[in-house]
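Asks: Here's a structure for you.
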Amino acid sequence: MRWRSPDFWSGLALAALGGYIVVAARGWDYLTPDGPGPGFFPTWFGVAILGLSLALVFTSGKGHLADWRGAGRAFAMWAAFAASLALIKAAGFAVGFAALTYFVVAVMYRRPALVALATAVAIVGAFYLVFPLALGVALP
Amino acid sequence: MKTLCIAVAALGAVMAMPASAYQPSRPVEAVVHTGPGGGSDLLARAVATMLEKERLLPVRMQVVNKTGGGGAVAAAYLAEKARDQNTIGFFTGVWLTGPLTSAEAKVTLRDLTPIARLVLEPALIAVKADAPYKTLADFIAAAKERPGQLKQSGGSATSRDNVVRQLLQKATGARWAYISFPGGGERIAALLGGHVNMMVIEPAEAGEHIRAGNMRVLAQVSDRRLSGFPNVPTLKEAGFDVPAVPQVRGVVAPPGIPAENVAYWEDVFRRLTRTESWRRFLADNQFEDGYQNAAELAKFYDQFTDRMRTILQEAGVKTVR
Amino acid sequence: MDIAAGLMNGFAVALAPANLLWCFVGVLLGTVVGIMPGLGPPATIAMLLPLTALMNPAGAIIMLAGIYYGAKYGGSTTSILLNVPGESASVVTCIDGYQLARKGRAGAALGIAAIASFVAGTFGVLALMLVAPPLARLALAFSSPEYFALMALGLAMVVLLAGRSLVKALLAMLVGLWFAGIGTDVFTSTSRFTFGRMELLSGIDFVVVAIGVFAIGEVLANMEAREEPQALPVPKGLRNLLPTMQDMRDCRFAFANGSIIGFLIGVLPGGGSTIASFISYGVEKAFSRRREQFGTGVIEGVAAPEGANNSETGGALVPLLTLGIPGSSTTAILLAALVLWGFKPGPLFISENPSMFWGLVASMYIGNVMLLVLNLPLVPLFAQVLRAPVFVLYPVIIGLSLVGVYSVSSSLFDLGLLAGFGLLGYVMRKLDYPSAPLILGLVLGGAMERALRQSLMMSEGSLTILVARPISAAMLACAALILLIPFFARLNTWRLRAMEEENK
């Protein structure tokens with residue numbers, strides 16, 4: 001096994017998950033008089049996850065240099081998405097989604113601020129037109 | 001003398017109250033815990049239509065679906081809307097049993113404001129038409145001969161189907177297995193396919209199968225015989241001293257609303273249950289009128305949950321409250 | 001009433017101008033609903049129920065049924081163009097459909113989806129008409145042991161979906177099983193893996209996971225590149241705007257496969273279009289000459305599942321109309337609608353209301369034709385969506401995802417889950433874990449566990465029930481065979497290598 005290869009780390013993480021599942025499953029009945037209890041299935045697939053992930057760890061090949069720049073952009077995008085959800089909860093769909101759109105256009109794709117603003121407003125407007133008005137679907 | 005003074009003062013206070021009490025001014029939100037098309041959703045929509053038709057409400061009633069957690073999400077939503085005067089909720093039995101078994105379902109009916117109980121849903125005990133049991137006593141006798149080998153299909157362990165089974169088992173000493181199927185269609189399919197021996201089924205679901213001759217009804221789980229089934233004995237008539245466990249549906253409101261709002265809603269629903277449309281609705285769906293006002297509902301809730309807790313514990317289901 | 005007479009009668013009903021109109025309204029609405037991710041036929045039908053009280057029942061059921069199978073046509077659109085499953089059954093279409101779009105063949109994919117849907121949909125109606133009552137009786141013989149075997153067969157498909165690393169595919173599937181286990185155990189009312197949150201009491205909705213992992217994950221992955229002139233190549237020229245004759249020939253088996261499997265699974269109460277599309281896809285891959293290419297944009301990989309989820313609607317109507325048993329949430333609402341109009345769906349429904357039944361059947365033929373005519377010309381139009389600049393397309397995808405998830409549960413918590421699954425989807429993509437097995441595990445896990453426990457309760461603890469019954473034994477044998485395929489393949493390579501060594 002090679003240290004610091006992605007498979008190594010993901011294998012470890014999954015092994016931890018498998019371990020957690022098995023431990024949690026011990027809190028429930030494995031077998032009840034009527035049949036297998038709530039702990040039956042989780043125990044088995046927990047063990048399977050544990051076993052397979054350890055196999056992954058031990059057979060993990062060489063690691064490759066991660067594209068950190070790209071990954072960074074993706075994570076930034078995700079952080080923006082999560083933040084926009086908080087904004088939606090606080091201020092409603094229009095504000096949160098518009099902010100997210102602005103972020104995507106202006107920051108991710110480096111378009112001028114005016115274009116970003118216009119796009120944000122247009123898309124939000126379109127959503128409001130299509131969904132609540134035309135289809136009667138509630139927006140967050 | 002003192003009493004007389006107090007009485008006069010009280011009378012004066014009452015007469016001084018404003019004549020027009022609470023009336024909703026915005027559309028009322030009716031929260032249900034099922035998705036569109038589910039039992040509660042259909043009931044709420046039917047009620048909304050009837051209220052509009054009978055002009056019992058000056059505003060519209062809008063159904064809002066808050067699904068999840070078997071009622072827990074809807075109940076929590078109502079609890080969050082404390083003191084909101086334009087929201088009510090339609091509850092069913094799962095709102096009562098959920099908090100008993102799930103630690104996550106934190107909001108009980110007592111945490112909200114009970115308004116009224118509306119319907120009781122009776123049930124039937126049915127077997128496949130070619131089964132050797134002609135009466136419920138036959139089935140119980142067969143179960144006693146082969147304990148644990150006969151099977152019943154039903155909903156979850158906390159559903160009314162299992163409660164009926166627990167009560168019957170306790171009263172007669174017979175024992176039979178219970179297999180949970182999440183969907184009503186699957187339960188019926190299991191019975192008709194011969195994979196289980198008996199099930200507790202709602203009259204509306206059973207009607208057609210009985211007419212087609214695929215199912216036979218052994219007994220009714222209700223206090224009085226239903227009009228659609230005049231020849232089927234109730235549990236008590238069949239000789240089993242077991243309470244007819246109802247499936248209930250009713251109305252609640254968020255906590256902290258003023259007493260006059262409660263009185264207003266109570267009144268609206270009381271008048272609804274006296275209308276012709278309501279009577280027709282009950283007959284069409286084979287429900288029983290179970291109207292109780294707010295105070296009676298609160299008492300019913302306490303009795304029901306106490307009894308349910310005991311039954312569940314005896315059934316081996318872990319209760320958390 | 002014999003079939004020919006019934007059908008004549010039915011066409012007379014279905015071709016009445018009012019009913020034709022309702023049919024058109026229904027299929028149009030269904031297509032739109034199917035395109036929108038998250039919003040599905042159950043919600044739409046429920047919302048229209050009060051309106052239908054004013055219509056004549058024949059027209060009403062024709063319209064509602066139109067929404068039902070129309071949605072299956074539309075569901076593939078966003079799956080192919082944007083990797084956002086429009087409907088739970090369209091998830092499988094994303095796998096090859098989106099890859100085809102990336103190769104510039106979006107038009108062909110959309111077209112084949114429409115055609116497969118038409119062929120299979122018509123087959124479904126035909127089968128409904130011809131074999132409904134006897135098949136329904138047969139379906140009753142299907143119970144928990146058979147369901148378990150079916151699910152096991154489905155999960156064995158993971159092997160076929162594995163791609164490069166079997167271990168990773170299995171791990172993804174197991175994680176999917178875990179997701180399926182989150183919620184309340186129906187047998188004992190115990191909460192599992194809910195972390196104290198009541199929103200998790202009823203488990204994680206499949207739509208949230210699918211949209212999160214597929215759509216959001218894809219958007220995040222695409223964000224890595226600083227600049228992309230155009231998100232996806234726009235199909236140029238008529239050749240790429242519609243499927244070619246070669247495509248149609250390639251899909252011959254897929255058409256048959258999708259039609260039959262979809263219908264059979266639809267007949268089972270509780271079987272769903274998602275399972276149908278997965279199994280159909282797996283079977284297609286197993287029997288295909290170019291099975292290694294599946295997942296990279298193979299046209300049959302779109303035709304099979306799309307066909308399956310359409311003929312499944314025909315199948316699902318079988319238990320509804322012949323026994324009065326609803327097999328899925330949509331058919332449950334249709335049942336409620338029939339009751340609302342004063343009908344009594346059950347074993348006697350067809351014989352007592354022949355004109356309703358035959359009218360519905362005839363309208364489904366007409367509806368399928370309408371949908372084909374509606375959808376095919378729209379294909380080039382839809383493909384133009386890809387012209388939109390990236391920075392418009394991605395926010396729109398995100399917005400659609402948000403609205404779609406919210407429309408299912410009106411819960412901000414689910415939106416949070418969406419974000420979480422989006423991250424998971426991205427990470428899985430980077431670490432080379434296939435996402436199809438995850439979805440498969442999620443969809444089948446819960447059903448499989450329930451079926452196993454139900455079976456053991458039926459047999460009072462003995463596992464032999466699973467092999468004592470012919471149908472379940474047969475399916476388990478198939479599943480075992482599928483699982484052994486890679487093993488045999490490896491044995492073969494070793495053997496060949498050993499022979500080489502010897503000859504040196």
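Chain identifiers are assigned as A, B, and so on, following the order in which chains appear in the structure tokens; residues are numbered from 1 within each chain, and ligands are numbered from 1 in order of appearance.
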Near chain A, meaning an atom within 9 Å, which residues of chain C appear when counting only C-alpha atoms? Write them as an mmCIF file with N, CA and C atoms, in the first residue's frame.
Replies:
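Contents of out18.cif, freshly written:
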```
data_model
loop_
_atom_site.group_PDB
_atom_site.id
_atom_site.type_symbol
_atom_site.label_atom_id
_atom_site.label_comp_id
_atom_site.auth_asym_id
_atom_site.auth_seq_id
_atom_site.Cartn_x
_atom_site.Cartn_y
_atom_site.Cartn_z
ATOM 1 N N LEU C 39 -40.643 17.378 -9.183
ATOM 2 C CA LEU C 39 -42.103 17.409 -9.300
ATOM 3 C C LEU C 39 -42.533 16.163 -10.062
ATOM 4 N N VAL C 167 -14.251 -3.570 -6.236
ATOM 5 C CA VAL C 167 -14.276 -3.266 -4.798
ATOM 6 C C VAL C 167 -14.957 -1.926 -4.544
ATOM 7 N N LYS C 168 -14.607 -0.933 -5.373
ATOM 8 C CA LYS C 168 -15.207 0.383 -5.159
ATOM 9 C C LYS C 168 -16.698 0.361 -5.465
ATOM 10 N N LEU C 170 -18.696 -2.182 -5.112
ATOM 11 C CA LEU C 170 -19.366 -2.829 -3.995
ATOM 12 C C LEU C 170 -19.450 -1.898 -2.799
ATOM 13 N N LEU C 171 -18.365 -1.155 -2.555
ATOM 14 C CA LEU C 171 -18.401 -0.217 -1.433
ATOM 15 C C LEU C 171 -19.471 0.836 -1.644
ATOM 16 N N LEU C 174 -22.754 -0.654 -0.890
ATOM 17 C CA LEU C 174 -22.979 -0.854 0.542
ATOM 18 C C LEU C 174 -23.308 0.462 1.233
ATOM 19 N N VAL C 175 -22.646 1.528 0.805
ATOM 20 C CA VAL C 175 -22.980 2.828 1.388
ATOM 21 C C VAL C 175 -24.418 3.187 1.038
ATOM 22 N N LEU C 177 -26.774 1.021 0.684
ATOM 23 C CA LEU C 177 -27.575 0.224 1.606
ATOM 24 C C LEU C 177 -27.677 0.920 2.955
ATOM 25 N N TRP C 178 -26.570 1.522 3.355
ATOM 26 C CA TRP C 178 -26.595 2.226 4.632
ATOM 27 C C TRP C 178 -27.578 3.389 4.589
ATOM 28 N N GLY C 181 -30.891 2.337 5.078
ATOM 29 C CA GLY C 181 -31.236 1.913 6.424
ATOM 30 C C GLY C 181 -31.547 3.055 7.372
ATOM 31 N N ASP C 185 -37.321 1.604 11.454
ATOM 32 C CA ASP C 185 -37.550 0.233 11.060
ATOM 33 C C ASP C 185 -39.042 -0.078 11.171
ATOM 34 N N PHE C 187 -40.709 -2.807 11.229
ATOM 35 C CA PHE C 187 -41.174 -3.964 12.007
ATOM 36 C C PHE C 187 -41.186 -3.675 13.494
ATOM 37 N N THR C 188 -40.201 -2.916 13.966
ATOM 38 C CA THR C 188 -40.101 -2.719 15.406
ATOM 39 C C THR C 188 -40.209 -1.270 15.823
ATOM 40 N N THR C 190 -38.088 0.952 15.574
ATOM 41 C CA THR C 190 -36.841 1.465 16.141
ATOM 42 C C THR C 190 -36.238 2.460 15.167
ATOM 43 N N SER C 191 -35.698 3.552 15.711
ATOM 44 C CA SER C 191 -35.048 4.514 14.818
ATOM 45 C C SER C 191 -33.608 4.095 14.601
ATOM 46 N N ARG C 192 -33.205 4.105 13.350
ATOM 47 C CA ARG C 192 -31.835 3.709 13.045
ATOM 48 C C ARG C 192 -31.097 4.823 12.345
ATOM 49 N N PHE C 193 -29.877 5.120 12.844
ATOM 50 C CA PHE C 193 -28.994 6.094 12.195
ATOM 51 C C PHE C 193 -29.660 7.445 11.998
ATOM 52 N N VAL C 219 -21.964 19.410 -11.479
ATOM 53 C CA VAL C 219 -21.682 20.846 -11.559
ATOM 54 C C VAL C 219 -20.388 21.170 -10.833
ATOM 55 N N LEU C 220 -20.241 20.605 -9.635
ATOM 56 C CA LEU C 220 -19.023 20.872 -8.869
ATOM 57 C C LEU C 220 -17.795 20.396 -9.636
ATOM 58 N N ALA C 221 -17.925 19.191 -10.239
ATOM 59 C CA ALA C 221 -16.775 18.660 -10.975
ATOM 60 C C ALA C 221 -16.426 19.561 -12.146
ATOM 61 N N ASN C 222 -17.444 20.127 -12.782
ATOM 62 C CA ASN C 222 -17.176 20.984 -13.921
ATOM 63 C C ASN C 222 -16.611 22.331 -13.533
ATOM 64 N N MET C 223 -16.785 22.672 -12.264
ATOM 65 C CA MET C 223 -16.297 23.966 -11.816
ATOM 66 C C MET C 223 -14.794 24.007 -11.728
ATOM 67 N N GLU C 224 -14.194 22.842 -11.837
ATOM 68 C CA GLU C 224 -12.750 22.814 -11.652
ATOM 69 C C GLU C 224 -12.035 23.581 -12.744
ATOM 70 N N ALA C 225 -12.578 23.443 -13.946
ATOM 71 C CA ALA C 225 -11.905 24.124 -15.053
ATOM 72 C C ALA C 225 -12.216 25.601 -14.996
ATOM 73 N N ARG C 226 -11.215 26.389 -15.256
ATOM 74 C CA ARG C 226 -11.427 27.833 -15.138
ATOM 75 C C ARG C 226 -12.375 28.326 -16.201
ATOM 76 N N GLU C 227 -12.174 27.864 -17.397
ATOM 77 C CA GLU C 227 -12.955 28.434 -18.493
ATOM 78 C C GLU C 227 -13.347 27.329 -19.445
ATOM 79 N N GLU C 228 -14.610 27.292 -19.772
ATOM 80 C CA GLU C 228 -15.036 26.309 -20.763
ATOM 81 C C GLU C 228 -15.899 27.054 -21.750
ATOM 82 N N VAL C 390 -22.077 28.531 -20.154
ATOM 83 C CA VAL C 390 -21.897 27.742 -18.953
ATOM 84 C C VAL C 390 -22.383 28.454 -17.714
ATOM 85 N N PHE C 391 -22.087 29.769 -17.648
ATOM 86 C CA PHE C 391 -22.397 30.427 -16.384
ATOM 87 C C PHE C 391 -23.894 30.667 -16.230
ATOM 88 N N VAL C 392 -24.648 30.435 -17.293
ATOM 89 C CA VAL C 392 -26.104 30.486 -17.141
ATOM 90 C C VAL C 392 -26.622 29.083 -16.842
ATOM 91 N N TYR C 394 -25.201 26.422 -15.424
ATOM 92 C CA TYR C 394 -24.973 25.813 -14.118
ATOM 93 C C TYR C 394 -25.864 26.379 -13.027
ATOM 94 N N PRO C 395 -26.009 27.707 -12.928
ATOM 95 C CA PRO C 395 -26.969 28.183 -11.933
ATOM 96 C C PRO C 395 -28.367 27.639 -12.182
ATOM 97 N N VAL C 396 -28.741 27.518 -13.449
ATOM 98 C CA VAL C 396 -30.078 26.990 -13.726
ATOM 99 C C VAL C 396 -30.189 25.559 -13.225
ATOM 100 N N ILE C 398 -28.533 24.224 -10.782
ATOM 101 C CA ILE C 398 -28.612 24.263 -9.321
ATOM 102 C C ILE C 398 -30.003 24.687 -8.880
ATOM 103 N N GLY C 399 -30.514 25.711 -9.558
ATOM 104 C CA GLY C 399 -31.840 26.186 -9.193
ATOM 105 C C GLY C 399 -32.895 25.117 -9.377
ATOM 106 N N LEU C 400 -32.824 24.418 -10.519
ATOM 107 C CA LEU C 400 -33.778 23.334 -10.762
ATOM 108 C C LEU C 400 -33.672 22.273 -9.683
ATOM 109 N N LEU C 402 -32.674 22.697 -6.595
ATOM 110 C CA LEU C 402 -33.254 23.214 -5.355
ATOM 111 C C LEU C 402 -34.772 23.123 -5.401
ATOM 112 N N VAL C 403 -35.330 23.616 -6.504
ATOM 113 C CA VAL C 403 -36.786 23.614 -6.601
ATOM 114 C C VAL C 403 -37.322 22.199 -6.611
ATOM 115 N N TYR C 406 -37.142 20.709 -3.132
ATOM 116 C CA TYR C 406 -38.080 21.374 -2.239
ATOM 117 C C TYR C 406 -39.517 20.995 -2.555
ATOM 118 N N SER C 407 -39.799 20.760 -3.845
ATOM 119 C CA SER C 407 -41.180 20.443 -4.199
ATOM 120 C C SER C 407 -41.585 19.079 -3.679
ATOM 121 N N SER C 410 -40.834 20.120 0.776
ATOM 122 C CA SER C 410 -40.943 21.446 1.394
ATOM 123 C C SER C 410 -40.077 21.562 2.628
ATOM 124 N N SER C 411 -38.872 21.016 2.556
ATOM 125 C CA SER C 411 -38.064 21.007 3.768
ATOM 126 C C SER C 411 -36.698 21.580 3.494
ATOM 127 N N LEU C 412 -36.313 22.564 4.290
ATOM 128 C CA LEU C 412 -34.984 23.144 4.115
ATOM 129 C C LEU C 412 -33.911 22.155 4.534
ATOM 130 N N LEU C 415 -32.771 20.382 1.654
ATOM 131 C CA LEU C 415 -31.847 21.158 0.836
ATOM 132 C C LEU C 415 -30.431 21.035 1.387
ATOM 133 N N GLY C 416 -30.355 21.020 2.722
ATOM 134 C CA GLY C 416 -29.043 20.810 3.326
ATOM 135 C C GLY C 416 -28.486 19.448 2.953
ATOM 136 N N ALA C 419 -27.016 19.499 -0.429
ATOM 137 C CA ALA C 419 -25.644 20.010 -0.473
ATOM 138 C C ALA C 419 -24.661 18.916 -0.076
ATOM 139 N N GLY C 420 -25.018 18.190 0.988
ATOM 140 C CA GLY C 420 -24.140 17.116 1.446
ATOM 141 C C GLY C 420 -23.935 16.064 0.377
ATOM 142 N N GLY C 422 -24.314 16.458 -2.767
ATOM 143 C CA GLY C 422 -23.568 17.046 -3.881
ATOM 144 C C GLY C 422 -22.074 16.892 -3.642
ATOM 145 N N LEU C 423 -21.661 17.199 -2.424
ATOM 146 C CA LEU C 423 -20.247 17.054 -2.086
ATOM 147 C C LEU C 423 -19.824 15.606 -2.235
ATOM 148 N N TYR C 426 -19.319 14.743 -5.807
ATOM 149 C CA TYR C 426 -18.068 15.280 -6.337
ATOM 150 C C TYR C 426 -16.887 14.446 -5.876
ATOM 151 N N LYS C 430 -14.113 12.248 -8.054
ATOM 152 C CA LYS C 430 -12.669 12.444 -8.016
ATOM 153 C C LYS C 430 -11.947 11.163 -7.624
ATOM 154 N N LEU C 431 -12.555 10.418 -6.713
ATOM 155 C CA LEU C 431 -11.871 9.226 -6.236
ATOM 156 C C LEU C 431 -12.229 7.995 -7.043
ATOM 157 N N GLU C 449 -34.198 -5.620 2.576
ATOM 158 C CA GLU C 449 -34.204 -5.993 3.988
ATOM 159 C C GLU C 449 -35.609 -6.375 4.435
ATOM 160 N N LEU C 452 -36.579 -9.757 3.107
ATOM 161 C CA LEU C 452 -35.931 -10.868 3.795
ATOM 162 C C LEU C 452 -36.601 -11.123 5.141
ATOM 163 N N ARG C 453 -36.837 -10.062 5.888
ATOM 164 C CA ARG C 453 -37.420 -10.261 7.203
ATOM 165 C C ARG C 453 -38.845 -10.763 7.108
ATOM 166 N N GLN C 454 -39.585 -10.253 6.116
ATOM 167 C CA GLN C 454 -40.939 -10.768 5.933
ATOM 168 C C GLN C 454 -40.903 -12.252 5.599
ATOM 169 N N LEU C 456 -38.636 -14.446 6.341
ATOM 170 C CA LEU C 456 -38.278 -15.265 7.491
ATOM 171 C C LEU C 456 -39.421 -15.329 8.482
ATOM 172 N N MET C 457 -40.213 -14.257 8.557
ATOM 173 C CA MET C 457 -41.374 -14.334 9.430
ATOM 174 C C MET C 457 -42.391 -15.310 8.888
ATOM 175 N N GLU C 460 -41.187 -18.729 9.585
ATOM 176 C CA GLU C 460 -40.832 -18.924 10.992
ATOM 177 C C GLU C 460 -39.359 -19.232 11.165
ATOM 178 N N GLY C 461 -38.529 -18.495 10.480
ATOM 179 C CA GLY C 461 -37.106 -18.554 10.768
ATOM 180 C C GLY C 461 -36.301 -19.426 9.828
#
```
Asks: Go through chain B and flag each residue having an atom no more than 7 Å from chain C; for those, report the closest pair of atoms plus their distance in Å to one decimal, using only C-alpha atoms, ordered by chain and rising number, as CSV.
Replies:
```
residue,atom,partner,partner_atom,distance
B:Pro36,CA,C:Ala43,CA,5.4
B:Gly37,CA,C:Ala46,CA,5.2
B:Lys66,CA,C:Ser409,CA,6.7
B:Thr67,CA,C:Ser409,CA,6.1
B:Gly68,CA,C:Ser202,CA,5.5
B:Gly69,CA,C:Leu201,CA,4.3
B:Gly70,CA,C:Ser202,CA,6.6
B:Ala72,CA,C:Met198,CA,6.5
B:Val73,CA,C:Glu199,CA,6.4
B:Thr101,CA,C:Ser189,CA,6.7
B:Ser102,CA,C:Ser191,CA,6.6
B:Glu104,CA,C:Met198,CA,4.8
B:Ala105,CA,C:Met198,CA,5.9
B:Ser156,CA,C:Val186,CA,5.0
B:Ala157,CA,C:Phe187,CA,5.4
B:Thr158,CA,C:Ser189,CA,6.9
B:Ile179,CA,C:Gln454,CA,6.0
B:Ser180,CA,C:Phe187,CA,5.8
B:Gly185,CA,C:Ile325,CA,4.9
B:Glu186,CA,C:Pro269,CA,6.1
B:Ala189,CA,C:Leu140,CA,5.9
B:Ala190,CA,C:Ser143,CA,6.5
B:Leu192,CA,C:Leu140,CA,6.8
B:Gly193,CA,C:Leu140,CA,4.6
B:Glu208,CA,C:Gly346,CA,5.1
B:His209,CA,C:Gly346,CA,6.3
B:Ala212,CA,C:Pro347,CA,6.1
B:Val317,CA,C:Thr188,CA,6.2
```
Asks: Using the selection just defined, write its residues with C-alpha atoms as an mmCIF file, in the first residue's frame.
Replies:
```cif
data_model
loop_
_atom_site.group_PDB
_atom_site.id
_atom_site.type_symbol
_atom_site.label_atom_id
_atom_site.label_comp_id
_atom_site.auth_asym_id
_atom_site.auth_seq_id
_atom_site.Cartn_x
_atom_site.Cartn_y
_atom_site.Cartn_z
ATOM 1 C CA PRO B 36 -50.574 14.842 -1.843
ATOM 2 C CA GLY B 37 -53.067 12.039 -2.202
ATOM 3 C CA LYS B 66 -45.200 18.670 5.691
ATOM 4 C CA THR B 67 -44.179 15.099 5.213
ATOM 5 C CA GLY B 68 -41.650 13.122 7.125
ATOM 6 C CA GLY B 69 -41.060 11.314 10.338
ATOM 7 C CA GLY B 70 -44.537 9.795 10.448
ATOM 8 C CA ALA B 72 -43.162 14.324 13.573
ATOM 9 C CA VAL B 73 -42.193 16.970 11.030
ATOM 10 C CA THR B 101 -41.632 5.078 20.292
ATOM 11 C CA SER B 102 -39.357 7.648 18.697
ATOM 12 C CA GLU B 104 -36.852 12.213 17.833
ATOM 13 C CA ALA B 105 -40.581 12.911 17.682
ATOM 14 C CA SER B 156 -45.855 -1.170 11.332
ATOM 15 C CA ALA B 157 -45.555 -2.558 14.840
ATOM 16 C CA THR B 158 -47.273 0.508 16.298
ATOM 17 C CA ILE B 179 -45.744 -9.466 9.264
ATOM 18 C CA SER B 180 -45.377 -5.766 8.463
ATOM 19 C CA GLY B 185 -51.698 -2.881 -1.589
ATOM 20 C CA GLU B 186 -48.954 -5.285 -0.522
ATOM 21 C CA ALA B 189 -51.842 -8.967 -2.094
ATOM 22 C CA ALA B 190 -50.261 -11.052 0.651
ATOM 23 C CA LEU B 192 -55.166 -12.823 -1.481
ATOM 24 C CA GLY B 193 -52.071 -14.725 -2.530
ATOM 25 C CA GLU B 208 -64.769 -4.636 -3.600
ATOM 26 C CA HIS B 209 -62.886 -7.773 -2.717
ATOM 27 C CA ALA B 212 -66.124 -10.187 -5.777
ATOM 28 C CA VAL B 317 -41.847 -2.549 21.343
#
```
Asks: Between B:Lys53, B:Gly183, B:Ala174, B:Leu168, single out the one closest to Ser153 in chain B, counting only C-alpha atoms.
Replies: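 Ranking B:Lys53, B:Gly183, B:Ala174, B:Leu168 by distance to Ser153 in chain B, first place goes to B:Gly183.
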Asks: Determine the nearest neighbour of chain A from the options B:Trp95, B:Phe139, B:Trp176, B:Phe300, counting only C-alpha atoms.
Replies: B:Trp176
Asks: Give me the residues within 9 Å of range 296-298 of chain B as a list in words, counting only C-alpha atoms and dropping any in the same chain fewer than 5 places off.
Replies: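 Skipping anything fewer than 5 positions along the chain leaves Leu109, Arg110, Thr113, Pro114, Ile115, Ala116, Arg117, Gly250, Tyr291 and Gln303 of chain B.
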Asks: Keeping N, CA and C atoms, export the residues of the selection given above as a PDB file, in the first residue's frame.
Replies:
```pdb
ATOM      1  N   LEU B 109     -49.271  15.677  21.174  1.00  0.00           N
ATOM      2  CA  LEU B 109     -50.504  16.407  20.947  1.00  0.00           C
ATOM      3  C   LEU B 109     -50.758  17.384  22.089  1.00  0.00           C
ATOM      4  N   ARG B 110     -50.271  17.027  23.265  1.00  0.00           N
ATOM      5  CA  ARG B 110     -50.471  17.902  24.421  1.00  0.00           C
ATOM      6  C   ARG B 110     -49.660  19.178  24.313  1.00  0.00           C
ATOM      7  N   THR B 113     -52.360  22.645  20.697  1.00  0.00           N
ATOM      8  CA  THR B 113     -53.682  22.947  21.238  1.00  0.00           C
ATOM      9  C   THR B 113     -54.713  22.045  20.596  1.00  0.00           C
ATOM     10  N   PRO B 114     -55.285  21.111  21.348  1.00  0.00           N
ATOM     11  CA  PRO B 114     -56.309  20.260  20.741  1.00  0.00           C
ATOM     12  C   PRO B 114     -57.545  21.086  20.381  1.00  0.00           C
ATOM     13  N   ILE B 115     -58.137  20.784  19.244  1.00  0.00           N
ATOM     14  CA  ILE B 115     -59.345  21.492  18.848  1.00  0.00           C
ATOM     15  C   ILE B 115     -60.538  20.551  18.847  1.00  0.00           C
ATOM     16  N   ALA B 116     -60.448  19.515  18.027  1.00  0.00           N
ATOM     17  CA  ALA B 116     -61.595  18.615  17.956  1.00  0.00           C
ATOM     18  C   ALA B 116     -61.162  17.285  17.388  1.00  0.00           C
ATOM     19  N   ARG B 117     -61.890  16.253  17.788  1.00  0.00           N
ATOM     20  CA  ARG B 117     -61.696  14.964  17.143  1.00  0.00           C
ATOM     21  C   ARG B 117     -62.814  14.816  16.141  1.00  0.00           C
ATOM     22  N   GLY B 250     -58.363  14.120  13.636  1.00  0.00           N
ATOM     23  CA  GLY B 250     -58.965  15.322  14.198  1.00  0.00           C
ATOM     24  C   GLY B 250     -58.138  16.546  13.863  1.00  0.00           C
ATOM     25  N   TYR B 291     -66.996  12.861  16.769  1.00  0.00           N
ATOM     26  CA  TYR B 291     -66.752  14.235  17.184  1.00  0.00           C
ATOM     27  C   TYR B 291     -66.574  14.355  18.691  1.00  0.00           C
ATOM     28  N   GLN B 303     -55.961   9.181  27.859  1.00  0.00           N
ATOM     29  CA  GLN B 303     -56.349   7.773  28.024  1.00  0.00           C
ATOM     30  C   GLN B 303     -55.724   6.903  26.939  1.00  0.00           C
TER      31      GLN B 303
END
```
